[in-house]
$ cat protein16.pdb   # PDB, C-alpha atoms
ATOM      1  CA  MET A 182      20.350 -46.736   8.818
ATOM      2  CA  ALA A 183      23.680 -45.249   7.704
ATOM      3  CA  GLY A 184      26.479 -45.386  10.273
ATOM      4  CA  VAL A 185      24.570 -47.675  12.659
ATOM      5  CA  SER A 186      25.271 -51.397  12.765
ATOM      6  CA  LEU A 187      22.404 -53.885  12.725
ATOM      7  CA  ALA A 188      23.457 -55.126  16.159
ATOM      8  CA  SER A 189      23.415 -51.585  17.591
ATOM      9  CA  TRP A 190      20.001 -50.903  16.118
ATOM     10  CA  GLN A 191      18.629 -54.152  17.567
ATOM     11  CA  VAL A 192      19.929 -53.223  21.027
ATOM     12  CA  TRP A 193      18.358 -49.755  20.753
ATOM     13  CA  SER A 194      15.063 -51.289  19.593
ATOM     14  CA  ARG A 195      15.011 -53.621  22.619
ATOM     15  CA  LEU A 196      15.643 -50.624  24.898
ATOM     16  CA  LEU A 197      12.682 -48.792  23.367
ATOM     17  CA  VAL A 198      10.437 -51.827  23.906
ATOM     18  CA  ASN A 199      11.502 -51.973  27.550
ATOM     19  CA  HIS A 200      10.815 -48.270  28.063
ATOM     20  CA  ARG A 201       7.327 -48.734  26.584
ATOM     21  CA  MET A 202       6.357 -51.051  29.422
ATOM     22  CA  ALA A 203       3.454 -49.981  31.605
ATOM     23  CA  LEU A 204       4.110 -46.617  33.206
ATOM     24  CA  PRO A 205       3.921 -46.570  37.022
ATOM     25  CA  PRO A 206       2.290 -43.563  38.722
ATOM     26  CA  PRO A 207       4.787 -40.718  39.228
ATOM     27  CA  LEU A 208       3.534 -40.184  42.798
ATOM     28  CA  GLU A 209       2.502 -42.424  45.668
ATOM     29  CA  ALA A 210      -1.030 -41.142  46.048
ATOM     30  CA  GLU A 211      -4.708 -41.739  45.472
ATOM     31  CA  VAL A 212      -5.266 -41.673  41.716
ATOM     32  CA  SER A 213      -8.493 -40.492  40.123
ATOM     33  CA  GLY A 214      -9.586 -39.636  36.626
ATOM     34  CA  LEU A 215     -11.213 -36.567  35.123
ATOM     35  CA  GLU A 216     -12.983 -36.654  31.768
ATOM     36  CA  LEU A 217     -12.518 -33.627  29.565
ATOM     37  CA  GLN A 218     -13.294 -33.379  25.860
ATOM     38  CA  PRO A 219     -11.412 -33.513  23.589
ATOM     39  CA  ALA A 220      -8.490 -34.429  25.881
ATOM     40  CA  GLY A 221     -10.091 -37.562  27.277
ATOM     41  CA  ARG A 222      -8.992 -38.908  30.650
ATOM     42  CA  LEU A 223      -6.821 -36.704  32.862
ATOM     43  CA  THR A 224      -5.056 -38.075  35.924
ATOM     44  CA  LEU A 225      -5.286 -36.315  39.285
ATOM     45  CA  TYR A 226      -3.268 -37.383  42.342
ATOM     46  CA  ARG A 227      -4.219 -36.705  45.964
ATOM     47  CA  ALA A 228      -2.594 -37.233  49.364
ATOM     48  CA  GLY A 229      -2.659 -35.779  52.866
ATOM     49  CA  PRO A 230      -5.426 -35.024  55.371
ATOM     50  CA  ALA A 231      -8.867 -34.850  53.802
ATOM     51  CA  ALA A 232     -10.665 -31.516  53.486
ATOM     52  CA  THR A 233      -8.636 -29.617  56.083
ATOM     53  CA  GLY A 234      -7.432 -26.084  55.473
ATOM     54  CA  VAL A 235      -6.611 -24.740  52.019
ATOM     55  CA  PRO A 236      -5.808 -27.439  49.442
ATOM     56  CA  LEU A 237      -2.569 -27.267  47.449
ATOM     57  CA  LEU A 238      -2.452 -28.097  43.723
ATOM     58  CA  LEU A 239       0.917 -28.749  42.054
ATOM     59  CA  LEU A 240       1.415 -28.439  38.279
ATOM     60  CA  HIS A 241       4.355 -29.788  36.304
ATOM     61  CA  SER A 242       6.060 -28.138  33.337
ATOM     62  CA  VAL A 243       5.732 -28.996  29.628
ATOM     63  CA  ASN A 244       8.540 -30.733  27.754
ATOM     64  CA  ALA A 245       9.227 -33.959  25.850
ATOM     65  CA  ALA A 246       8.957 -36.114  28.980
ATOM     66  CA  ALA A 247       6.955 -34.058  31.474
ATOM     67  CA  SER A 248       5.014 -35.598  34.355
ATOM     68  CA  ALA A 249       3.847 -34.965  37.904
ATOM     69  CA  TYR A 250       7.116 -36.547  39.057
ATOM     70  CA  GLU A 251       8.580 -33.049  38.568
ATOM     71  CA  VAL A 252       6.701 -31.880  41.680
ATOM     72  CA  ARG A 253       7.330 -35.005  43.750
ATOM     73  CA  PRO A 254       9.501 -33.436  46.516
ATOM     74  CA  LEU A 255       6.876 -30.757  47.187
ATOM     75  CA  PHE A 256       4.024 -33.280  46.995
ATOM     76  CA  GLU A 257       5.647 -35.603  49.515
ATOM     77  CA  HIS A 258       6.645 -32.784  51.879
ATOM     78  CA  PHE A 259       3.301 -30.989  52.051
ATOM     79  CA  ALA A 260       1.192 -34.158  52.100
ATOM     80  CA  ARG A 261       2.358 -34.625  55.703
ATOM     81  CA  SER A 262       0.384 -31.586  56.824
ATOM     82  CA  ARG A 263      -2.227 -30.568  54.237
ATOM     83  CA  GLU A 264      -4.371 -31.862  51.408
ATOM     84  CA  VAL A 265      -2.219 -31.932  48.279
ATOM     85  CA  TYR A 266      -3.115 -32.597  44.650
ATOM     86  CA  ALA A 267      -1.085 -32.889  41.454
ATOM     87  CA  LEU A 268      -2.270 -33.063  37.849
ATOM     88  CA  ASP A 269      -0.758 -34.762  34.821
ATOM     89  CA  TRP A 270      -1.391 -32.299  31.991
ATOM     90  CA  PRO A 271      -3.258 -33.687  28.936
ATOM     91  CA  GLY A 272      -0.921 -35.613  26.663
ATOM     92  CA  PHE A 273       1.579 -36.427  29.414
ATOM     93  CA  SER A 274       2.380 -39.258  31.836
ATOM     94  CA  LEU A 275      -0.795 -41.105  32.938
ATOM     95  CA  SER A 276      -3.217 -38.673  31.300
ATOM     96  CA  GLU A 277      -4.586 -39.725  27.924
ATOM     97  CA  ARG A 278      -2.445 -38.857  24.882
ATOM     98  CA  ARG A 279      -4.977 -38.360  22.124
ATOM     99  CA  ASP A 280      -4.145 -37.151  18.623
ATOM    100  CA  ILE A 281      -5.717 -33.693  19.032
ATOM    101  CA  PRO A 282      -4.510 -30.074  18.896
ATOM    102  CA  TYR A 283      -2.672 -29.261  22.130
ATOM    103  CA  LEU A 284      -3.248 -25.537  22.594
ATOM    104  CA  PRO A 285      -3.288 -23.299  25.701
ATOM    105  CA  GLU A 286      -7.087 -23.396  26.035
ATOM    106  CA  LEU A 287      -6.975 -27.179  26.456
ATOM    107  CA  PHE A 288      -4.553 -26.839  29.377
ATOM    108  CA  VAL A 289      -6.546 -24.036  30.973
ATOM    109  CA  GLU A 290      -9.735 -26.104  30.758
ATOM    110  CA  SER A 291      -7.892 -29.094  32.233
ATOM    111  CA  LEU A 292      -6.789 -27.036  35.205
ATOM    112  CA  LEU A 293     -10.264 -25.611  35.759
ATOM    113  CA  SER A 294     -11.661 -29.146  35.681
ATOM    114  CA  ALA A 295      -9.174 -30.214  38.367
ATOM    115  CA  LEU A 296     -10.051 -27.210  40.525
ATOM    116  CA  GLU A 297     -13.735 -27.988  40.162
ATOM    117  CA  ARG A 298     -13.054 -31.526  41.381
ATOM    118  CA  ILE A 299     -11.101 -30.165  44.381
ATOM    119  CA  GLY A 300     -14.083 -27.961  45.175
ATOM    120  CA  ARG A 301     -12.425 -25.294  47.359
ATOM    121  CA  PRO A 302     -10.169 -22.300  46.675
ATOM    122  CA  ALA A 303      -6.600 -23.578  46.495
ATOM    123  CA  ASP A 304      -2.992 -22.499  46.596
ATOM    124  CA  LEU A 305      -1.355 -23.413  43.298
ATOM    125  CA  VAL A 306       2.324 -24.029  42.570
ATOM    126  CA  ALA A 307       3.150 -24.329  38.871
ATOM    127  CA  LEU A 308       6.434 -25.054  37.135
ATOM    128  CA  SER A 309       7.659 -23.081  34.133
ATOM    129  CA  LEU A 310       5.093 -22.922  31.287
ATOM    130  CA  GLY A 311       2.476 -24.411  33.601
ATOM    131  CA  GLY A 312       2.420 -20.998  35.273
ATOM    132  CA  GLU A 313       1.082 -19.354  32.117
ATOM    133  CA  PHE A 314      -1.833 -21.801  32.019
ATOM    134  CA  ALA A 315      -2.471 -21.241  35.727
ATOM    135  CA  ALA A 316      -2.469 -17.448  35.376
ATOM    136  CA  ALA A 317      -4.931 -17.675  32.482
ATOM    137  CA  ALA A 318      -7.161 -19.988  34.547
ATOM    138  CA  ALA A 319      -7.069 -17.543  37.474
ATOM    139  CA  LEU A 320      -8.421 -14.804  35.215
ATOM    140  CA  ARG A 321     -11.259 -17.118  34.195
ATOM    141  CA  ALA A 322     -12.150 -18.396  37.675
ATOM    142  CA  PRO A 323     -10.564 -16.206  40.381
ATOM    143  CA  GLU A 324     -12.868 -17.680  43.029
ATOM    144  CA  ARG A 325     -10.986 -21.005  42.767
ATOM    145  CA  PHE A 326      -7.584 -19.481  43.608
ATOM    146  CA  ARG A 327      -6.216 -18.325  46.944
ATOM    147  CA  SER A 328      -2.716 -17.836  45.509
ATOM    148  CA  LEU A 329      -0.416 -18.767  42.645
ATOM    149  CA  THR A 330       3.308 -19.500  42.868
ATOM    150  CA  ILE A 331       5.305 -20.025  39.685
ATOM    151  CA  VAL A 332       8.686 -21.724  39.837
ATOM    152  CA  SER A 333      11.080 -20.541  37.109
ATOM    153  CA  PRO A 334       8.311 -18.993  34.972
ATOM    154  CA  THR A 335       8.372 -18.633  31.213
ATOM    155  CA  GLY A 336       7.416 -15.336  29.593
ATOM    156  CA  LEU A 337       9.755 -12.997  31.487
ATOM    157  CA  GLY A 338      12.564 -12.922  28.948
ATOM    158  CA  ARG A 339      13.010 -10.437  26.137
ATOM    159  CA  ARG A 340      12.273 -13.021  23.450
ATOM    160  CA  ARG A 341       9.201 -15.221  23.065
ATOM    161  CA  PRO A 342       8.740 -18.361  20.925
ATOM    162  CA  SER A 343       6.403 -17.683  18.031
ATOM    163  CA  PRO A 344       3.755 -20.261  17.138
ATOM    164  CA  SER A 345       4.614 -21.951  13.857
ATOM    165  CA  ALA A 346       2.128 -24.146  12.025
ATOM    166  CA  ARG A 347       4.912 -24.944   9.570
ATOM    167  CA  ALA A 348       7.140 -26.207  12.382
ATOM    168  CA  TYR A 349       4.389 -28.450  13.720
ATOM    169  CA  ARG A 350       3.652 -29.900  10.273
ATOM    170  CA  ALA A 351       7.345 -30.572   9.717
ATOM    171  CA  LEU A 352       7.823 -32.262  13.083
ATOM    172  CA  SER A 353       4.662 -34.356  12.881
ATOM    173  CA  PHE A 354       5.027 -35.612   9.293
ATOM    174  CA  PRO A 355       4.295 -39.361   9.606
ATOM    175  CA  LEU A 356       7.380 -40.508   7.690
ATOM    176  CA  TRP A 357       9.824 -39.184  10.261
ATOM    177  CA  ALA A 358       7.828 -38.028  13.318
ATOM    178  CA  GLN A 359       8.496 -41.095  15.477
ATOM    179  CA  PRO A 360      12.224 -41.392  14.644
ATOM    180  CA  ILE A 361      12.708 -37.692  15.442
ATOM    181  CA  PHE A 362      10.902 -38.047  18.742
ATOM    182  CA  ASP A 363      12.764 -41.244  19.636
ATOM    183  CA  LEU A 364      15.988 -39.280  19.205
ATOM    184  CA  LEU A 365      14.711 -36.378  21.339
ATOM    185  CA  ALA A 366      13.445 -38.802  23.965
ATOM    186  CA  SER A 367      16.443 -41.125  24.060
ATOM    187  CA  PRO A 368      17.896 -41.759  27.528
ATOM    188  CA  ALA A 369      20.968 -39.677  26.673
ATOM    189  CA  SER A 370      18.848 -36.767  25.426
ATOM    190  CA  ILE A 371      16.573 -36.810  28.463
ATOM    191  CA  ARG A 372      19.529 -36.912  30.863
ATOM    192  CA  ALA A 373      21.111 -33.978  29.029
ATOM    193  CA  PHE A 374      17.819 -32.068  29.067
ATOM    194  CA  LEU A 375      17.326 -32.599  32.795
ATOM    195  CA  LYS A 376      20.950 -31.753  33.576
ATOM    196  CA  ARG A 377      20.206 -28.163  32.533
ATOM    197  CA  SER A 378      17.595 -27.957  35.322
ATOM    198  CA  PHE A 379      19.921 -29.132  38.112
ATOM    199  CA  VAL A 380      23.031 -27.606  39.671
ATOM    200  CA  GLY A 381      24.318 -31.107  40.420
ATOM    201  CA  ALA A 382      23.344 -34.455  38.953
ATOM    202  CA  PRO A 383      19.684 -34.879  37.910
ATOM    203  CA  ASP A 384      17.454 -36.802  40.303
ATOM    204  CA  PRO A 385      17.706 -40.504  39.283
ATOM    205  CA  GLY A 386      14.025 -41.206  39.906
ATOM    206  CA  LEU A 387      12.989 -38.285  37.727
ATOM    207  CA  VAL A 388      15.342 -39.424  34.965
ATOM    208  CA  ALA A 389      13.993 -42.974  35.040
ATOM    209  CA  HIS A 390      10.334 -41.937  35.053
ATOM    210  CA  SER A 391      10.903 -39.368  32.293
ATOM    211  CA  ILE A 392      12.554 -41.934  30.029
ATOM    212  CA  ARG A 393       9.756 -44.434  30.497
ATOM    213  CA  SER A 394       7.023 -41.798  30.133
ATOM    214  CA  ALA A 395       8.507 -40.506  26.881
ATOM    215  CA  HIS A 396       8.280 -43.965  25.341
ATOM    216  CA  GLN A 397       4.588 -44.603  25.890
ATOM    217  CA  PRO A 398       2.196 -44.776  22.909
ATOM    218  CA  GLY A 399       1.292 -41.285  21.696
ATOM    219  CA  ALA A 400       4.038 -39.624  23.736
ATOM    220  CA  LEU A 401       5.155 -37.433  20.836
ATOM    221  CA  ARG A 402       1.807 -35.680  20.309
ATOM    222  CA  ALA A 403       1.710 -32.950  22.967
ATOM    223  CA  PRO A 404       5.503 -32.312  22.893
ATOM    224  CA  PHE A 405       5.413 -31.574  19.159
ATOM    225  CA  TRP A 406       2.802 -28.864  19.756
ATOM    226  CA  PHE A 407       5.062 -27.498  22.502
ATOM    227  CA  LEU A 408       8.137 -27.529  20.245
ATOM    228  CA  SER A 409       6.201 -25.650  17.547
ATOM    229  CA  GLY A 410       5.688 -22.745  19.986
ATOM    230  CA  ALA A 411       1.906 -23.179  20.026
ATOM    231  CA  LEU A 412       1.589 -23.401  23.833
ATOM    232  CA  PHE A 413       3.136 -20.051  24.740
ATOM    233  CA  SER A 414       0.976 -16.989  25.501
ATOM    234  CA  PRO A 415       1.522 -14.049  23.114
ATOM    235  CA  ASP A 416       2.193 -11.701  26.070
ATOM    236  CA  ALA A 417       2.794 -13.581  29.289
ATOM    237  CA  LEU A 418       3.957 -10.461  31.112
ATOM    238  CA  GLU A 419       0.577  -8.814  30.609
ATOM    239  CA  LEU A 420      -1.145 -12.053  31.628
ATOM    240  CA  TYR A 421       0.837 -12.094  34.884
ATOM    241  CA  ARG A 422       0.107  -8.416  35.572
ATOM    242  CA  LYS A 423      -3.629  -9.133  35.518
ATOM    243  CA  LEU A 424      -3.401 -11.945  38.079
ATOM    244  CA  PRO A 425      -6.417 -11.557  40.416
ATOM    245  CA  CYS A 426      -4.831 -13.330  43.412
ATOM    246  CA  PRO A 427      -1.557 -12.992  45.363
ATOM    247  CA  GLY A 428       1.420 -14.244  43.356
ATOM    248  CA  LEU A 429       4.947 -15.449  44.140
ATOM    249  CA  ILE A 430       7.823 -16.226  41.777
ATOM    250  CA  LEU A 431      10.692 -18.532  42.763
ATOM    251  CA  TYR A 432      13.723 -18.414  40.488
ATOM    252  CA  ASP A 433      17.485 -18.290  40.065
ATOM    253  CA  GLN A 434      19.058 -19.606  36.854
ATOM    254  CA  ASP A 435      17.346 -21.595  34.110
ATOM    255  CA  GLY A 436      18.806 -23.100  30.966
ATOM    256  CA  TYR A 437      15.507 -22.765  29.108
ATOM    257  CA  THR A 438      14.186 -19.334  30.045
ATOM    258  CA  SER A 439      15.347 -15.991  31.424
ATOM    259  CA  PHE A 440      13.991 -13.345  33.763
ATOM    260  CA  GLU A 441      15.050  -9.942  32.388
ATOM    261  CA  ARG A 442      11.530  -8.567  32.805
ATOM    262  CA  LEU A 443      10.980  -9.853  36.339
ATOM    263  CA  PRO A 444      11.878  -6.483  37.970
ATOM    264  CA  GLU A 445       9.359  -4.829  35.652
ATOM    265  CA  LEU A 446       6.630  -7.248  36.741
ATOM    266  CA  VAL A 447       7.364  -6.966  40.476
ATOM    267  CA  SER A 448       7.503  -3.160  40.369
ATOM    268  CA  SER A 449       4.205  -2.859  38.483
ATOM    269  CA  SER A 450       2.057  -5.474  40.260
ATOM    270  CA  ALA A 451       1.457  -7.272  43.549
ATOM    271  CA  TRP A 452       3.809 -10.145  42.663
ATOM    272  CA  LYS A 453       6.609 -11.057  45.060
ATOM    273  CA  ALA A 454       9.833 -12.789  44.016
ATOM    274  CA  VAL A 455      12.298 -14.921  45.984
ATOM    275  CA  ARG A 456      15.604 -16.130  44.601
ATOM    276  CA  ILE A 457      16.595 -19.694  45.554
ATOM    277  CA  VAL A 458      20.404 -19.742  45.256
ATOM    278  CA  PRO A 459      22.014 -21.729  43.780
ATOM    279  CA  SER A 460      19.361 -23.498  41.739
ATOM    280  CA  LYS A 461      18.111 -23.989  38.218
ATOM    281  CA  GLY A 462      14.632 -24.834  36.941
ATOM    282  CA  LEU A 463      13.758 -27.392  39.637
ATOM    283  CA  PRO A 464      14.952 -25.868  42.920
ATOM    284  CA  HIS A 465      12.734 -28.081  45.096
ATOM    285  CA  PHE A 466      14.841 -31.146  44.233
ATOM    286  CA  GLU A 467      18.122 -29.632  45.443
ATOM    287  CA  ARG A 468      16.984 -26.795  47.719
ATOM    288  CA  LEU A 469      13.806 -28.223  49.229
ATOM    289  CA  ALA A 470      14.176 -26.520  52.619
ATOM    290  CA  GLU A 471      14.681 -23.081  51.065
ATOM    291  CA  THR A 472      11.828 -23.627  48.606
ATOM    292  CA  VAL A 473       9.437 -24.753  51.342
ATOM    293  CA  ALA A 474      10.426 -21.795  53.540
ATOM    294  CA  ALA A 475       9.727 -19.332  50.727
ATOM    295  CA  LEU A 476       6.326 -20.894  50.084
ATOM    296  CA  GLU A 477       5.297 -21.023  53.729
ATOM    297  CA  ASN A 478       6.417 -17.443  54.381
ATOM    298  CA  PHE A 479       4.304 -16.356  51.411
ATOM    299  CA  TRP A 480       1.244 -18.315  52.527
ATOM    300  CA  ILE A 481       1.519 -16.898  56.078
ATOM    301  CA  THR A 482       0.989 -13.412  54.647
ATOM    302  CA  LEU A 483      -2.352 -14.543  53.188
ATOM    303  CA  GLY A 484      -3.876 -15.308  56.584
ATOM    304  CA  GLY A 485      -6.021 -18.273  57.460
ATOM    305  CA  ASN A 486      -4.898 -21.888  57.555
ATOM    306  CA  ALA A 487      -2.454 -23.362  55.105
TER     307      ALA A 487
END

$ encode --input "protein16.pdb" --output "structure tokens"
Amino acid sequence: MAGVSLASWQVWSRLLVNHRMALPPPLEAEVSGLELQPAGRLTLYRAGPAATGVPLLLLHSVNAAASAYEVRPLFEHFARSREVYALDWPGFSLSERRDIPYLPELFVESLLSALERIGRPADLVALSLGGEFAAAAALRAPERFRSLTIVSPTGLGRRRPSPSARAYRALSFPLWAQPIFDLLASPASIRAFLKRSFVGAPDPGLVAHSIRSAHQPGALRAPFWFLSGALFSPDALELYRKLPCPGLILYDQDGYTSFERLPELVSSSAWKAVRIVPSKGLPHFERLAETVAALENFWITLGGNA
């Protein structure tokens, strides 16, 4: 490889081997599997008191190294007082990473499968693009939702990624797919990516888990579909407007999305919005108390037990 010494390449290769070691669970929780075709095995985490009150389901975002670790502060906090679940989306973390098309319907079906396993209407908290999948699932099965909160949602900017079959084919071409992904998923790249979601330094545990997760077999498959634009809804704003349950948006700044159309959504629907200042895409890591307060104040308005 031009410009890279043999010794440097050997060191980098050893680092990649180390990162491909067995991936530990992103959460300290009961771990169970769901089978969904064609995705295969999905991983669902559970903690907290059994079958008391309204369950809470937490959903991570979608990126090159996504996992349920992204919701860890919320999972650990709420597991002290209520039944909490988290899902690894298909193609990520401890869920199976099959070589299949990763399209929105697959994620919606995965979420509906998790809600069926939970068995009771739940409060959902979804990060970023996960909120689009959750909103679509709520339209399909409103009886399974008590509420939906989206943290730093996609789809509220003026510009939307356009699905590109050409982009996916280019990224996934066998000759260079793995080297491209190894560059995107290098420790330096992942730290830089996560830095844009934190006001201060990225959480070290999240960085470490993300690096290891991104170097598991098949880790490039779902992210390449994401990078091609195939996972974004054509009109997320309209999808959000149709939400059949109470909705809350938590936001401030985000290096990967914008919120120009948020006032339009709030003024034309039942959505509420709370700004967590200062924060970026993962406010619950740096502003946990404020994030929890916003969630609990929202859930109080719904009546019944949390």

$ closest_residue --input "protein16.pdb" --among "A:Ala203, A:Ala316, A:Leu305, A:Leu329" --to "His390 in chain A" --atoms "all atoms listed in the file"
A:Ala203

$ resolve_selection --input "protein16.pdb" --expression "the PyMOL selection byres ((chain A and resi 467) around 12)" --output "JSON, numbers by chain"
{"A": [254, 255, 378, 379, 380, 381, 382, 383, 384, 457, 458, 459, 460, 461, 462, 463, 464, 465, 466, 468, 469, 470, 471, 472, 473]}

$ resolve_selection --input "protein16.pdb" --expression "the PyMOL selection byres ((chain A and resi 399) around 8)" --output "list in words"
Gly272, Arg278, Arg279, Asp280, Gln397, Pro398, Ala400, Leu401 and Arg402 of chain A

$ resolve_selection --input "protein16.pdb" --expression "the PyMOL selection byres ((chain A and resi 333-344) around 9)" --output "VMD selection string"
chain A and resid 307 to 313 331 to 332 345 to 349 409 to 418 430 to 435 437 to 443 446 461 to 464

$ residues_around --input "protein16.pdb" --residues "Asp363 in chain A" --least-positions-apart "2" --cutoff "9 Å" --atoms "all atoms listed in the file" --output "PDB file with C-alpha atoms, in the coordinates of the input"
ATOM      1  CA  LEU A 197      12.682 -48.792  23.367  1.00  0.00           C
ATOM      2  CA  ALA A 358       7.828 -38.028  13.318  1.00  0.00           C
ATOM      3  CA  GLN A 359       8.496 -41.095  15.477  1.00  0.00           C
ATOM      4  CA  PRO A 360      12.224 -41.392  14.644  1.00  0.00           C
ATOM      5  CA  ILE A 361      12.708 -37.692  15.442  1.00  0.00           C
ATOM      6  CA  LEU A 365      14.711 -36.378  21.339  1.00  0.00           C
ATOM      7  CA  ALA A 366      13.445 -38.802  23.965  1.00  0.00           C
ATOM      8  CA  SER A 367      16.443 -41.125  24.060  1.00  0.00           C
ATOM      9  CA  ALA A 395       8.507 -40.506  26.881  1.00  0.00           C
ATOM     10  CA  HIS A 396       8.280 -43.965  25.341  1.00  0.00           C
ATOM     11  CA  LEU A 401       5.155 -37.433  20.836  1.00  0.00           C
TER      12      LEU A 401
END

$ residues_around --input "protein16.pdb" --residues "range 236-244 of chain A" --least-positions-apart "5" --cutoff "8 Å" --atoms "only C-alpha atoms" --output "list of chain:residue names"
A:Ala249, A:Tyr250, A:Glu251, A:Val252, A:Phe256, A:Arg263, A:Glu264, A:Val265, A:Tyr266, A:Ala267, A:Leu268, A:Asp269, A:Trp270, A:Ile299, A:Arg301, A:Pro302, A:Ala303, A:Asp304, A:Leu305, A:Val306, A:Ala307, A:Leu308, A:Ser309, A:Leu310, A:Gly311, A:Pro404, A:Phe407, A:Ala487

$ closest_residue --input "protein16.pdb" --among "A:Ser248, A:Ala475, A:Ala454, A:Gly229" --to "Leu204 in chain A" --atoms "all atoms listed in the file"
A:Ser248

$ axis_aligned_box --input "protein16.pdb" --around "range 396-414 of chain A" --padding-each-side "8 Å" --output "lines of an AutoDock Vina configuration file"
center_x = 4.6
center_y = -30.9
center_z = 21.7
size_x = 23.3
size_y = 43.8
size_z = 24.3

$ atom_distance --input "protein16.pdb" --atom1 "CA of Arg253 in chain A" --atom2 "CA of Val235 in chain A"
19.2 Å

$ closest_residue --input "protein16.pdb" --among "A:Gln218, A:Phe326, A:Pro282, A:Ala351" --to "Gly300 in chain A" --atoms "only C-alpha atoms"
A:Phe326

$ atom_distance --input "protein16.pdb" --atom1 "CA of Arg422 in chain A" --atom2 "CA of Leu408 in chain A"
25.8 Å

$ atom_distance --input "protein16.pdb" --atom1 "CA of Thr330 in chain A" --atom2 "CA of Leu476 in chain A"
7.9 Å

$ closest_residue --input "protein16.pdb" --among "A:Arg327, A:Pro207, A:Ala319, A:Pro368" --to "Gly234 in chain A" --atoms "all atoms listed in the file"
A:Arg327

$ closest_residue --input "protein16.pdb" --among "A:Cys426, A:Leu420, A:Val455, A:Val447" --to "Ala322 in chain A" --atoms "all atoms listed in the file"
A:Cys426

$ closest_residue --input "protein16.pdb" --among "A:Arg372, A:Arg350, A:Arg222, A:Arg377" --to "Leu275 in chain A" --atoms "all atoms listed in the file"
A:Arg222

$ decode --input "protein16.pdb" --residues "range 344-355 of chain A" --atoms "N, CA and C atoms" --output "short mmCIF file (atom, residue, chain, number, x, y, z; two decimals), in the first residue's frame"
data_model
loop_
_atom_site.label_atom_id
_atom_site.label_comp_id
_atom_site.auth_asym_id
_atom_site.auth_seq_id
_atom_site.Cartn_x
_atom_site.Cartn_y
_atom_site.Cartn_z
N PRO A 344 -32.11 7.97 -1.63
CA PRO A 344 -31.60 6.62 -1.82
C PRO A 344 -30.86 6.50 -3.15
N SER A 345 -29.72 5.82 -3.13
CA SER A 345 -28.92 5.68 -4.34
C SER A 345 -28.43 4.25 -4.47
N ALA A 346 -29.03 3.52 -5.40
CA ALA A 346 -28.56 2.16 -5.67
C ALA A 346 -27.14 2.18 -6.19
N ARG A 347 -26.79 3.22 -6.94
CA ARG A 347 -25.44 3.34 -7.46
C ARG A 347 -24.43 3.49 -6.33
N ALA A 348 -24.79 4.30 -5.32
CA ALA A 348 -23.89 4.50 -4.19
C ALA A 348 -23.68 3.20 -3.42
N TYR A 349 -24.76 2.43 -3.24
CA TYR A 349 -24.61 1.16 -2.53
C TYR A 349 -23.72 0.21 -3.31
N ARG A 350 -23.94 0.10 -4.61
CA ARG A 350 -23.11 -0.80 -5.43
C ARG A 350 -21.65 -0.40 -5.38
N ALA A 351 -21.39 0.91 -5.41
CA ALA A 351 -20.01 1.38 -5.37
C ALA A 351 -19.36 1.06 -4.03
N LEU A 352 -20.07 1.31 -2.95
CA LEU A 352 -19.52 1.05 -1.63
C LEU A 352 -19.26 -0.44 -1.39
N SER A 353 -20.19 -1.27 -1.85
CA SER A 353 -20.16 -2.69 -1.51
C SER A 353 -19.40 -3.55 -2.52
N PHE A 354 -18.76 -2.95 -3.51
CA PHE A 354 -18.02 -3.74 -4.50
C PHE A 354 -16.94 -4.54 -3.77
N PRO A 355 -16.91 -5.88 -3.97
CA PRO A 355 -16.05 -6.74 -3.15
C PRO A 355 -14.57 -6.35 -3.12
#
